[in-house]
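**Q** Below is the file query.pdb, with PDB, C-alpha atoms.
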```
ATOM      1  CA  MET A  17       4.291  17.950 -13.012  1.00  0.00           C
ATOM      2  CA  ILE A  18       0.855  17.397 -11.418  1.00  0.00           C
ATOM      3  CA  VAL A  19       1.876  19.356  -8.330  1.00  0.00           C
ATOM      4  CA  PHE A  20       3.108  22.227 -10.506  1.00  0.00           C
ATOM      5  CA  LEU A  21      -0.130  22.297 -12.532  1.00  0.00           C
ATOM      6  CA  GLN A  22      -2.212  22.280  -9.356  1.00  0.00           C
ATOM      7  CA  PHE A  23      -0.186  25.215  -8.031  1.00  0.00           C
ATOM      8  CA  LEU A  24      -0.567  27.088 -11.325  1.00  0.00           C
ATOM      9  CA  LEU A  25      -4.346  26.590 -11.454  1.00  0.00           C
ATOM     10  CA  ARG A  26      -4.715  27.665  -7.829  1.00  0.00           C
ATOM     11  CA  LEU A  27      -2.658  30.761  -8.591  1.00  0.00           C
ATOM     12  CA  LEU A  28      -4.507  31.763 -11.778  1.00  0.00           C
ATOM     13  CA  TYR A  29      -8.035  30.490 -11.159  1.00  0.00           C
ATOM     14  CA  ARG A  30      -8.152  29.970  -7.373  1.00  0.00           C
ATOM     15  CA  PHE A  31      -8.895  26.378  -8.304  1.00  0.00           C
ATOM     16  CA  GLY A  32     -10.548  24.271  -5.621  1.00  0.00           C
ATOM     17  CA  ILE A  33     -11.763  20.672  -5.356  1.00  0.00           C
ATOM     18  CA  SER A  34     -14.841  19.444  -3.513  1.00  0.00           C
ATOM     19  CA  ASN A  35     -15.150  15.814  -2.323  1.00  0.00           C
ATOM     20  CA  PRO A  36     -11.867  14.488  -3.822  1.00  0.00           C
ATOM     21  CA  GLU A  37     -12.067  11.346  -1.649  1.00  0.00           C
ATOM     22  CA  VAL A  38     -14.713   9.858  -3.941  1.00  0.00           C
ATOM     23  CA  LEU A  39     -12.122   9.629  -6.720  1.00  0.00           C
ATOM     24  CA  LYS A  40     -10.567   6.669  -4.875  1.00  0.00           C
ATOM     25  CA  THR A  41     -13.639   4.565  -5.634  1.00  0.00           C
ATOM     26  CA  PRO A  42     -12.430   1.275  -7.173  1.00  0.00           C
ATOM     27  CA  GLY A  43     -13.524   0.328 -10.686  1.00  0.00           C
ATOM     28  CA  PRO A  44     -15.578  -0.246 -12.594  1.00  0.00           C
ATOM     29  CA  VAL A  45     -16.456   3.439 -12.331  1.00  0.00           C
ATOM     30  CA  LEU A  46     -17.410   6.212 -14.770  1.00  0.00           C
ATOM     31  CA  LEU A  47     -16.619   9.874 -14.061  1.00  0.00           C
ATOM     32  CA  LEU A  48     -18.965  12.142 -16.030  1.00  0.00           C
ATOM     33  CA  PRO A  49     -18.227  15.924 -16.039  1.00  0.00           C
ATOM     34  CA  ASN A  50     -20.011  18.774 -17.780  1.00  0.00           C
ATOM     35  CA  HIS A  51     -18.057  20.158 -20.742  1.00  0.00           C
ATOM     36  CA  THR A  52     -17.817  23.937 -21.186  1.00  0.00           C
ATOM     37  CA  SER A  53     -14.154  24.707 -21.961  1.00  0.00           C
ATOM     38  CA  TRP A  54     -11.200  23.338 -23.891  1.00  0.00           C
ATOM     39  CA  TRP A  55      -9.334  22.917 -20.611  1.00  0.00           C
ATOM     40  CA  ASP A  56     -11.886  20.711 -18.846  1.00  0.00           C
ATOM     41  CA  TRP A  57      -9.689  17.640 -19.307  1.00  0.00           C
ATOM     42  CA  LEU A  58      -6.888  19.413 -17.432  1.00  0.00           C
ATOM     43  CA  LEU A  59      -9.180  20.652 -14.647  1.00  0.00           C
ATOM     44  CA  VAL A  60     -10.410  17.105 -14.072  1.00  0.00           C
ATOM     45  CA  GLY A  61      -7.134  15.337 -14.824  1.00  0.00           C
ATOM     46  CA  ILE A  62      -5.081  16.997 -12.092  1.00  0.00           C
ATOM     47  CA  CYS A  63      -7.538  15.601  -9.531  1.00  0.00           C
ATOM     48  CA  LEU A  64      -7.156  11.977 -10.627  1.00  0.00           C
ATOM     49  CA  GLU A  65      -4.808   9.094  -9.911  1.00  0.00           C
ATOM     50  CA  LYS A  66      -2.762   7.698 -12.793  1.00  0.00           C
ATOM     51  CA  ASP A  67      -4.986   4.718 -13.625  1.00  0.00           C
ATOM     52  CA  TRP A  68      -7.937   6.926 -14.671  1.00  0.00           C
ATOM     53  CA  ARG A  69      -8.224   7.231 -18.453  1.00  0.00           C
ATOM     54  CA  PHE A  70     -10.039   9.805 -20.589  1.00  0.00           C
ATOM     55  CA  VAL A  71     -12.214   8.611 -23.470  1.00  0.00           C
ATOM     56  CA  THR A  72     -11.068  10.481 -26.596  1.00  0.00           C
ATOM     57  CA  SER A  73     -11.840  10.426 -30.300  1.00  0.00           C
ATOM     58  CA  ALA A  74      -9.193   8.622 -32.355  1.00  0.00           C
ATOM     59  CA  GLU A  75     -10.432  10.481 -35.447  1.00  0.00           C
ATOM     60  CA  SER A  76     -10.109  13.950 -33.875  1.00  0.00           C
ATOM     61  CA  ALA A  77      -6.610  13.031 -32.706  1.00  0.00           C
ATOM     62  CA  GLN A  78      -5.465  13.074 -36.337  1.00  0.00           C
ATOM     63  CA  THR A  79      -6.300  16.779 -36.726  1.00  0.00           C
ATOM     64  CA  SER A  80      -2.777  17.879 -35.822  1.00  0.00           C
ATOM     65  CA  TRP A  81       0.337  16.705 -33.981  1.00  0.00           C
ATOM     66  CA  PHE A  82      -0.847  18.607 -30.907  1.00  0.00           C
ATOM     67  CA  HIS A  83      -4.240  16.890 -30.910  1.00  0.00           C
ATOM     68  CA  LYS A  84      -2.535  13.535 -31.332  1.00  0.00           C
ATOM     69  CA  LYS A  85      -0.187  14.148 -28.421  1.00  0.00           C
ATOM     70  CA  VAL A  86      -3.021  15.233 -26.126  1.00  0.00           C
ATOM     71  CA  MET A  87      -5.581  12.634 -27.195  1.00  0.00           C
ATOM     72  CA  ILE A  88      -3.465   9.503 -27.606  1.00  0.00           C
ATOM     73  CA  ASN A  89      -1.247   8.699 -24.643  1.00  0.00           C
ATOM     74  CA  ARG A  90      -1.172   6.488 -21.562  1.00  0.00           C
ATOM     75  CA  ARG A  91      -3.843   8.611 -19.825  1.00  0.00           C
ATOM     76  CA  THR A  92      -6.405   8.319 -22.638  1.00  0.00           C
ATOM     77  CA  PHE A  93      -8.710   5.661 -24.065  1.00  0.00           C
ATOM     78  CA  PRO A  94      -9.008   6.439 -27.812  1.00  0.00           C
ATOM     79  CA  VAL A  95     -12.088   5.092 -29.600  1.00  0.00           C
ATOM     80  CA  ASP A  96     -13.541   5.425 -33.068  1.00  0.00           C
ATOM     81  CA  ILE A  97     -16.724   7.337 -32.269  1.00  0.00           C
ATOM     82  CA  ASN A  98     -18.203   6.364 -35.654  1.00  0.00           C
ATOM     83  CA  SER A  99     -17.822   2.661 -34.917  1.00  0.00           C
ATOM     84  CA  ALA A 100     -20.557   0.541 -33.368  1.00  0.00           C
ATOM     85  CA  TYR A 101     -17.827  -1.192 -31.358  1.00  0.00           C
ATOM     86  CA  ALA A 102     -16.716   1.951 -29.494  1.00  0.00           C
ATOM     87  CA  VAL A 103     -19.144   1.414 -26.605  1.00  0.00           C
ATOM     88  CA  LYS A 104     -18.292  -2.298 -26.577  1.00  0.00           C
ATOM     89  CA  HIS A 105     -14.588  -1.544 -26.104  1.00  0.00           C
ATOM     90  CA  MET A 106     -15.341   0.880 -23.268  1.00  0.00           C
ATOM     91  CA  ALA A 107     -17.666  -1.646 -21.644  1.00  0.00           C
ATOM     92  CA  GLU A 108     -15.012  -4.364 -21.786  1.00  0.00           C
ATOM     93  CA  TYR A 109     -12.483  -2.059 -20.141  1.00  0.00           C
ATOM     94  CA  LEU A 110     -14.905  -1.124 -17.368  1.00  0.00           C
ATOM     95  CA  GLN A 111     -15.932  -4.722 -16.751  1.00  0.00           C
ATOM     96  CA  LYS A 112     -12.281  -5.515 -16.064  1.00  0.00           C
ATOM     97  CA  GLY A 113     -12.309  -2.966 -13.232  1.00  0.00           C
ATOM     98  CA  GLY A 114     -11.259   0.085 -15.245  1.00  0.00           C
ATOM     99  CA  ARG A 115     -11.947   3.724 -14.387  1.00  0.00           C
ATOM    100  CA  LEU A 116     -12.938   6.034 -17.237  1.00  0.00           C
ATOM    101  CA  VAL A 117     -13.649   9.749 -17.662  1.00  0.00           C
ATOM    102  CA  LEU A 118     -16.275  10.464 -20.297  1.00  0.00           C
ATOM    103  CA  PHE A 119     -17.885  13.774 -21.286  1.00  0.00           C
ATOM    104  CA  PRO A 120     -21.499  12.634 -21.841  1.00  0.00           C
ATOM    105  CA  GLU A 121     -22.386  15.683 -23.943  1.00  0.00           C
ATOM    106  CA  GLY A 122     -19.840  14.534 -26.499  1.00  0.00           C
ATOM    107  CA  ARG A 123     -18.829  18.071 -27.448  1.00  0.00           C
ATOM    108  CA  LEU A 124     -18.246  21.519 -25.993  1.00  0.00           C
ATOM    109  CA  SER A 125     -21.341  23.358 -24.812  1.00  0.00           C
ATOM    110  CA  ARG A 126     -22.466  25.986 -27.318  1.00  0.00           C
ATOM    111  CA  THR A 127     -24.632  27.763 -24.758  1.00  0.00           C
ATOM    112  CA  GLY A 128     -22.572  27.559 -21.558  1.00  0.00           C
ATOM    113  CA  SER A 129     -25.217  25.269 -20.040  1.00  0.00           C
ATOM    114  CA  LEU A 130     -25.596  21.504 -20.021  1.00  0.00           C
ATOM    115  CA  MET A 131     -26.485  20.264 -23.503  1.00  0.00           C
ATOM    116  CA  LYS A 132     -28.167  17.073 -24.668  1.00  0.00           C
ATOM    117  CA  LEU A 133     -26.481  13.903 -23.431  1.00  0.00           C
ATOM    118  CA  TYR A 134     -25.716  11.224 -25.994  1.00  0.00           C
ATOM    119  CA  ASP A 135     -27.672   8.074 -25.184  1.00  0.00           C
ATOM    120  CA  GLY A 136     -24.554   5.991 -25.799  1.00  0.00           C
ATOM    121  CA  THR A 137     -23.591   6.923 -22.237  1.00  0.00           C
ATOM    122  CA  GLY A 138     -26.880   5.517 -20.993  1.00  0.00           C
ATOM    123  CA  PHE A 139     -26.234   2.308 -22.913  1.00  0.00           C
ATOM    124  CA  LEU A 140     -22.756   2.054 -21.384  1.00  0.00           C
ATOM    125  CA  ILE A 141     -24.142   2.486 -17.859  1.00  0.00           C
ATOM    126  CA  ARG A 142     -26.827  -0.112 -18.531  1.00  0.00           C
ATOM    127  CA  LYS A 143     -24.378  -2.632 -19.944  1.00  0.00           C
ATOM    128  CA  THR A 144     -21.699  -2.374 -17.242  1.00  0.00           C
ATOM    129  CA  ASN A 145     -23.547  -1.314 -14.058  1.00  0.00           C
ATOM    130  CA  ALA A 146     -20.433   0.706 -13.234  1.00  0.00           C
ATOM    131  CA  LYS A 147     -20.456   3.151 -10.352  1.00  0.00           C
ATOM    132  CA  ILE A 148     -21.234   6.700 -11.480  1.00  0.00           C
ATOM    133  CA  ILE A 149     -19.553   9.903 -10.297  1.00  0.00           C
ATOM    134  CA  THR A 150     -20.715  13.213 -11.752  1.00  0.00           C
ATOM    135  CA  CYS A 151     -18.561  16.340 -11.797  1.00  0.00           C
ATOM    136  CA  TYR A 152     -19.674  19.955 -12.034  1.00  0.00           C
ATOM    137  CA  LEU A 153     -16.928  22.322 -13.207  1.00  0.00           C
ATOM    138  CA  ARG A 154     -18.168  25.603 -11.790  1.00  0.00           C
ATOM    139  CA  GLY A 155     -16.803  28.718 -13.479  1.00  0.00           C
ATOM    140  CA  ALA A 156     -15.129  26.894 -16.380  1.00  0.00           C
ATOM    141  CA  GLY A 157     -17.726  28.356 -18.734  1.00  0.00           C
ATOM    142  CA  ARG A 158     -16.373  31.842 -17.959  1.00  0.00           C
ATOM    143  CA  MET A 159     -12.889  30.994 -19.226  1.00  0.00           C
ATOM    144  CA  LYS A 160     -11.687  32.402 -22.545  1.00  0.00           C
ATOM    145  CA  TRP A 161     -11.273  28.947 -24.113  1.00  0.00           C
ATOM    146  CA  THR A 162     -14.935  28.115 -24.700  1.00  0.00           C
ATOM    147  CA  ALA A 163     -17.228  27.646 -27.709  1.00  0.00           C
ATOM    148  CA  HIS A 164     -20.099  29.888 -26.580  1.00  0.00           C
ATOM    149  CA  HIS A 165     -20.355  33.695 -26.816  1.00  0.00           C
ATOM    150  CA  ASN A 166     -21.482  34.502 -23.299  1.00  0.00           C
ATOM    151  CA  PHE A 167     -19.608  36.725 -20.850  1.00  0.00           C
ATOM    152  CA  LYS A 168     -16.021  35.552 -20.270  1.00  0.00           C
ATOM    153  CA  ARG A 169     -13.153  36.607 -18.026  1.00  0.00           C
ATOM    154  CA  CYS A 170      -9.394  36.108 -18.200  1.00  0.00           C
ATOM    155  CA  PHE A 171      -9.076  34.464 -14.794  1.00  0.00           C
ATOM    156  CA  PRO A 172     -12.453  33.447 -13.346  1.00  0.00           C
ATOM    157  CA  ARG A 173     -12.651  31.352 -10.197  1.00  0.00           C
ATOM    158  CA  VAL A 174     -12.978  27.689 -11.179  1.00  0.00           C
ATOM    159  CA  THR A 175     -13.876  24.794  -8.895  1.00  0.00           C
ATOM    160  CA  ALA A 176     -14.445  21.061  -9.453  1.00  0.00           C
ATOM    161  CA  HIS A 177     -17.302  19.483  -7.510  1.00  0.00           C
ATOM    162  CA  PHE A 178     -17.469  15.696  -7.406  1.00  0.00           C
ATOM    163  CA  SER A 179     -20.626  13.848  -6.378  1.00  0.00           C
ATOM    164  CA  GLU A 180     -20.801  10.693  -4.316  1.00  0.00           C
ATOM    165  CA  ALA A 181     -20.483   7.395  -6.193  1.00  0.00           C
ATOM    166  CA  PHE A 182     -23.966   6.390  -7.387  1.00  0.00           C
ATOM    167  CA  THR A 183     -25.220   2.920  -8.191  1.00  0.00           C
ATOM    168  CA  PRO A 184     -27.349   3.030 -11.364  1.00  0.00           C
ATOM    169  CA  PRO A 185     -30.943   1.827 -11.045  1.00  0.00           C
ATOM    170  CA  ARG A 186     -31.643  -1.733 -12.159  1.00  0.00           C
ATOM    171  CA  LEU A 187     -34.133  -2.028 -14.996  1.00  0.00           C
ATOM    172  CA  GLU A 188     -36.046  -5.228 -15.516  1.00  0.00           C
ATOM    173  CA  ASN A 189     -38.251  -6.347 -18.410  1.00  0.00           C
ATOM    174  CA  VAL A 190     -37.577  -3.336 -20.626  1.00  0.00           C
ATOM    175  CA  SER A 191     -36.244  -3.111 -24.141  1.00  0.00           C
ATOM    176  CA  ALA A 192     -32.687  -2.003 -24.867  1.00  0.00           C
ATOM    177  CA  THR A 193     -33.986   1.286 -26.304  1.00  0.00           C
ATOM    178  CA  GLN A 194     -36.107   2.023 -23.249  1.00  0.00           C
ATOM    179  CA  ALA A 195     -33.249   1.136 -20.900  1.00  0.00           C
ATOM    180  CA  ARG A 196     -30.816   3.386 -22.772  1.00  0.00           C
ATOM    181  CA  THR A 197     -33.229   6.323 -22.681  1.00  0.00           C
ATOM    182  CA  THR A 198     -34.084   5.796 -19.018  1.00  0.00           C
ATOM    183  CA  MET A 199     -30.421   5.645 -17.992  1.00  0.00           C
ATOM    184  CA  THR A 200     -29.570   8.758 -19.999  1.00  0.00           C
ATOM    185  CA  ASN A 201     -32.444  10.693 -18.398  1.00  0.00           C
ATOM    186  CA  TRP A 202     -31.407   9.421 -14.949  1.00  0.00           C
ATOM    187  CA  LEU A 203     -27.872  10.696 -15.530  1.00  0.00           C
ATOM    188  CA  ARG A 204     -29.082  14.069 -16.773  1.00  0.00           C
ATOM    189  CA  ASP A 205     -31.237  14.469 -13.662  1.00  0.00           C
ATOM    190  CA  LYS A 206     -28.205  13.709 -11.475  1.00  0.00           C
ATOM    191  CA  MET A 207     -26.033  16.277 -13.281  1.00  0.00           C
ATOM    192  CA  ILE A 208     -28.694  19.015 -13.209  1.00  0.00           C
ATOM    193  CA  THR A 209     -29.441  18.363  -9.533  1.00  0.00           C
ATOM    194  CA  GLN A 210     -25.750  18.577  -8.653  1.00  0.00           C
ATOM    195  CA  GLN A 211     -25.339  21.872 -10.520  1.00  0.00           C
ATOM    196  CA  PHE A 212     -28.439  23.316  -8.823  1.00  0.00           C
ATOM    197  CA  GLU A 213     -27.283  22.293  -5.350  1.00  0.00           C
ATOM    198  CA  VAL A 214     -23.767  23.699  -5.859  1.00  0.00           C
ATOM    199  CA  GLU A 215     -25.084  27.004  -7.212  1.00  0.00           C
ATOM    200  CA  MET A 216     -27.570  27.329  -4.356  1.00  0.00           C
ATOM    201  CA  GLU A 217     -24.762  26.720  -1.870  1.00  0.00           C
ATOM    202  CA  GLN A 218     -22.085  28.923  -3.422  1.00  0.00           C
ATOM    203  CA  GLY A 219     -23.988  31.399  -5.579  1.00  0.00           C
ATOM    204  CA  PRO A 220     -26.331  34.260  -4.615  1.00  0.00           C
ATOM    205  CA  PRO A 221     -29.405  32.883  -2.781  1.00  0.00           C
ATOM    206  CA  THR A 222     -31.857  35.379  -4.329  1.00  0.00           C
ATOM    207  CA  VAL A 223     -32.612  36.857  -7.764  1.00  0.00           C
ATOM    208  CA  PRO A 224     -31.733  40.436  -6.668  1.00  0.00           C
ATOM    209  CA  GLY A 225     -28.460  39.110  -5.265  1.00  0.00           C
ATOM    210  CA  ALA A 226     -27.674  37.393  -8.577  1.00  0.00           C
ATOM    211  CA  ILE A 227     -28.424  40.606 -10.494  1.00  0.00           C
ATOM    212  CA  ALA A 228     -26.190  42.607  -8.151  1.00  0.00           C
ATOM    213  CA  ARG A 229     -23.323  40.154  -8.650  1.00  0.00           C
ATOM    214  CA  VAL A 230     -23.571  40.361 -12.451  1.00  0.00           C
ATOM    215  CA  ALA A 231     -23.793  44.155 -12.208  1.00  0.00           C
ATOM    216  CA  ARG A 232     -20.474  44.244 -10.352  1.00  0.00           C
ATOM    217  CA  GLU A 233     -18.871  42.107 -13.062  1.00  0.00           C
ATOM    218  CA  ARG A 234     -20.408  43.891 -16.088  1.00  0.00           C
ATOM    219  CA  PRO A 235     -21.363  47.436 -15.022  1.00  0.00           C
ATOM    220  CA  ARG A 236     -21.376  48.818 -18.583  1.00  0.00           C
ATOM    221  CA  PHE A 237     -23.421  46.037 -20.170  1.00  0.00           C
ATOM    222  CA  LEU A 238     -26.720  47.229 -21.677  1.00  0.00           C
ATOM    223  CA  VAL A 239     -29.398  45.264 -19.919  1.00  0.00           C
ATOM    224  CA  MET A 240     -32.757  46.958 -20.542  1.00  0.00           C
ATOM    225  CA  GLU A 241     -34.683  50.048 -21.686  1.00  0.00           C
ATOM    226  CA  ASP A 242     -36.872  52.239 -19.485  1.00  0.00           C
ATOM    227  CA  ALA A 243     -40.306  53.624 -20.379  1.00  0.00           C
ATOM    228  CA  THR A 244     -38.719  56.430 -22.431  1.00  0.00           C
ATOM    229  CA  ARG A 245     -36.691  53.841 -24.421  1.00  0.00           C
ATOM    230  CA  GLN A 246     -33.496  55.047 -22.807  1.00  0.00           C
ATOM    231  CA  GLN A 247     -30.982  52.209 -22.663  1.00  0.00           C
ATOM    232  CA  LEU A 248     -29.799  51.269 -19.200  1.00  0.00           C
ATOM    233  CA  THR A 249     -26.529  49.642 -18.216  1.00  0.00           C
ATOM    234  CA  TYR A 250     -26.258  47.492 -15.126  1.00  0.00           C
ATOM    235  CA  ARG A 251     -24.555  50.431 -13.372  1.00  0.00           C
ATOM    236  CA  ARG A 252     -27.417  52.810 -14.203  1.00  0.00           C
ATOM    237  CA  LEU A 253     -29.990  50.205 -13.233  1.00  0.00           C
ATOM    238  CA  MET A 254     -28.406  49.660  -9.824  1.00  0.00           C
ATOM    239  CA  ILE A 255     -28.131  53.421  -9.234  1.00  0.00           C
ATOM    240  CA  GLY A 256     -31.796  53.804 -10.104  1.00  0.00           C
ATOM    241  CA  VAL A 257     -32.804  51.017  -7.751  1.00  0.00           C
ATOM    242  CA  ASP A 258     -30.679  52.476  -4.975  1.00  0.00           C
ATOM    243  CA  ASP A 259     -32.258  55.922  -5.513  1.00  0.00           C
ATOM    244  CA  GLY A 260     -35.728  54.442  -5.475  1.00  0.00           C
ATOM    245  CA  LYS A 261     -36.567  55.625  -9.005  1.00  0.00           C
ATOM    246  CA  PHE A 262     -37.862  52.218 -10.056  1.00  0.00           C
ATOM    247  CA  GLN A 263     -39.957  51.660  -6.968  1.00  0.00           C
ATOM    248  CA  LYS A 264     -43.730  51.919  -7.113  1.00  0.00           C
TER     249      LYS A 264
END
```
Using structure tokens, write down the structure from this file.

**A**
Amino acid sequence: MIVFLQFLLRLLYRFGISNPEVLKTPGPVLLLPNHTSWWDWLLVGICLEKDWRFVTSAESAQTSWFHKKVMINRRTFPVDINSAYAVKHMAEYLQKGGRLVLFPEGRLSRTGSLMKLYDGTGFLIRKTNAKIITCYLRGAGRMKWTAHHNFKRCFPRVTAHFSEAFTPPRLENVSATQARTTMTNWLRDKMITQQFEVEMEQGPPTVPGAIARVARERPRFLVMEDATRQQLTYRRLMIGVDDGKFQK
């Protein structure tokens, strides 16, 4: 089944994986991806060995039979997100050498970009000192199955980029609140840095190049008005630039 799903994703989304070797890191280890589409669990899951488990909400699993089937099975780690013991149960599993996948944003992105990270993730890192692997799902935010209203495509190119396994910083003589906040900010910095580095490597290196790429994808999108208040599409803007009409 995994081989078939990998073939299907490569066929539809030209799906690729960067640095898959890091996923063999022994536990305790936390894999922390960004969360932009309903299919992120599948995009990550087909890259993992069978002992990895996804943290899911036991409450959300009761929404329907489909949710229950997807969120409660041998590949998941259901927790009651409203319980104070949820983090404790995850910590106990990790301390026994477990490997967990957790979306630190806790919900789908409403903007297409990285949202606020819940500090419960920082507390979990602090408590377990588990190895940390971040994952940037590039292109997943362009899929149809997302919660934001930005530009989407039927079959965008999607790739999964895994970082090296990080050792969290050790914090001494700080309160639990300070440690939780510091760890959460440390994780956010790691995730933002990874996204920046991947985009600089694989995306357009300049602002004009980025504009030209978007113009090819959305030529009829209204992007600006000229001095006469005439609305300009990306296509018209690029024609004007090419003709030199917008040059000084």

**Q** Check which residues satisfy the PyMOL selection byres ((chain A and resi 96-103) around 8) in the file shown, then give them as JSON, numbers by chain.

**A** {"A": [73, 74, 75, 94, 95, 104, 105, 106, 107, 136, 140]}

**Q** I'd like the residues picked by the PyMOL selection byres ((chain A and resi 208) around 12) written out as a PyMOL selection string, using the chain letters and numbers from the file.

**A** chain A and resi 49-50+129-133+150-152+179+201-207+209-215

**Q** Using only C-alpha atoms, which of A:Met17, A:Ile141, A:Ile148, A:Met87 sits nearest Ala192 (chain A)?

**A**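 Using only C-alpha atoms, Ala192 (chain A) sits closest to A:Ile141.
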
**Q** Would you mind telling me which residue in A:Leu248, A:Met254, A:Val239, A:Leu187 lies nearest to Pro224 (chain A) when using all atoms listed in the file?

**A**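 Smallest separation from Pro224 (chain A) among the options: A:Met254.
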
**Q** Choose the residue, out of A:Ala181, A:Arg154, A:Leu27, A:Lys160, that has the smallest atom-to-atom separation from Pro42 (chain A); count only C-alpha atoms.

**A** A:Ala181

**Q** Do a neighbour search on Arg69 (chain A) at 9 Å with all atoms listed in the file, toss out local chain neighbours closer than 2 positions, and write the hits as a ChimeraX atom specification.

**A** /A:61,66-67,71,90-93,114-118

**Q** What's around Arg169 (chain A) at 7 Å? Count only C-alpha atoms, leave out sequence neighbours fewer than 3 positions away in its own chain, and write the answer as an NGL selection string.

**A** :A and (158-160 or 172)

**Q** Please write out, as JSON, where the centre of an axis-aligned box around all listed atoms of region 128-142 of chain A lies and how long its edges are, in Å to one decimal, after adding 8 Å on each side.

**A**
```
{"center_x": -25.4, "center_y": 13.7, "center_z": -21.9, "size_x": 21.6, "size_y": 43.7, "size_z": 24.1}
```

**Q** One number please: CA of Ile149 (chain A) to CA of Gly43 (chain A), in Å, one decimal.

**A**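 One can read the CA of Ile149 (chain A) to CA of Gly43 (chain A) distance as 11.3 Å.
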
**Q** Which residue gives the smallest distance to Tyr29 (chain A) among A:Trp55, A:Phe171, A:Tyr109, A:Trp161, with only C-alpha atoms counted?

**A** A:Phe171
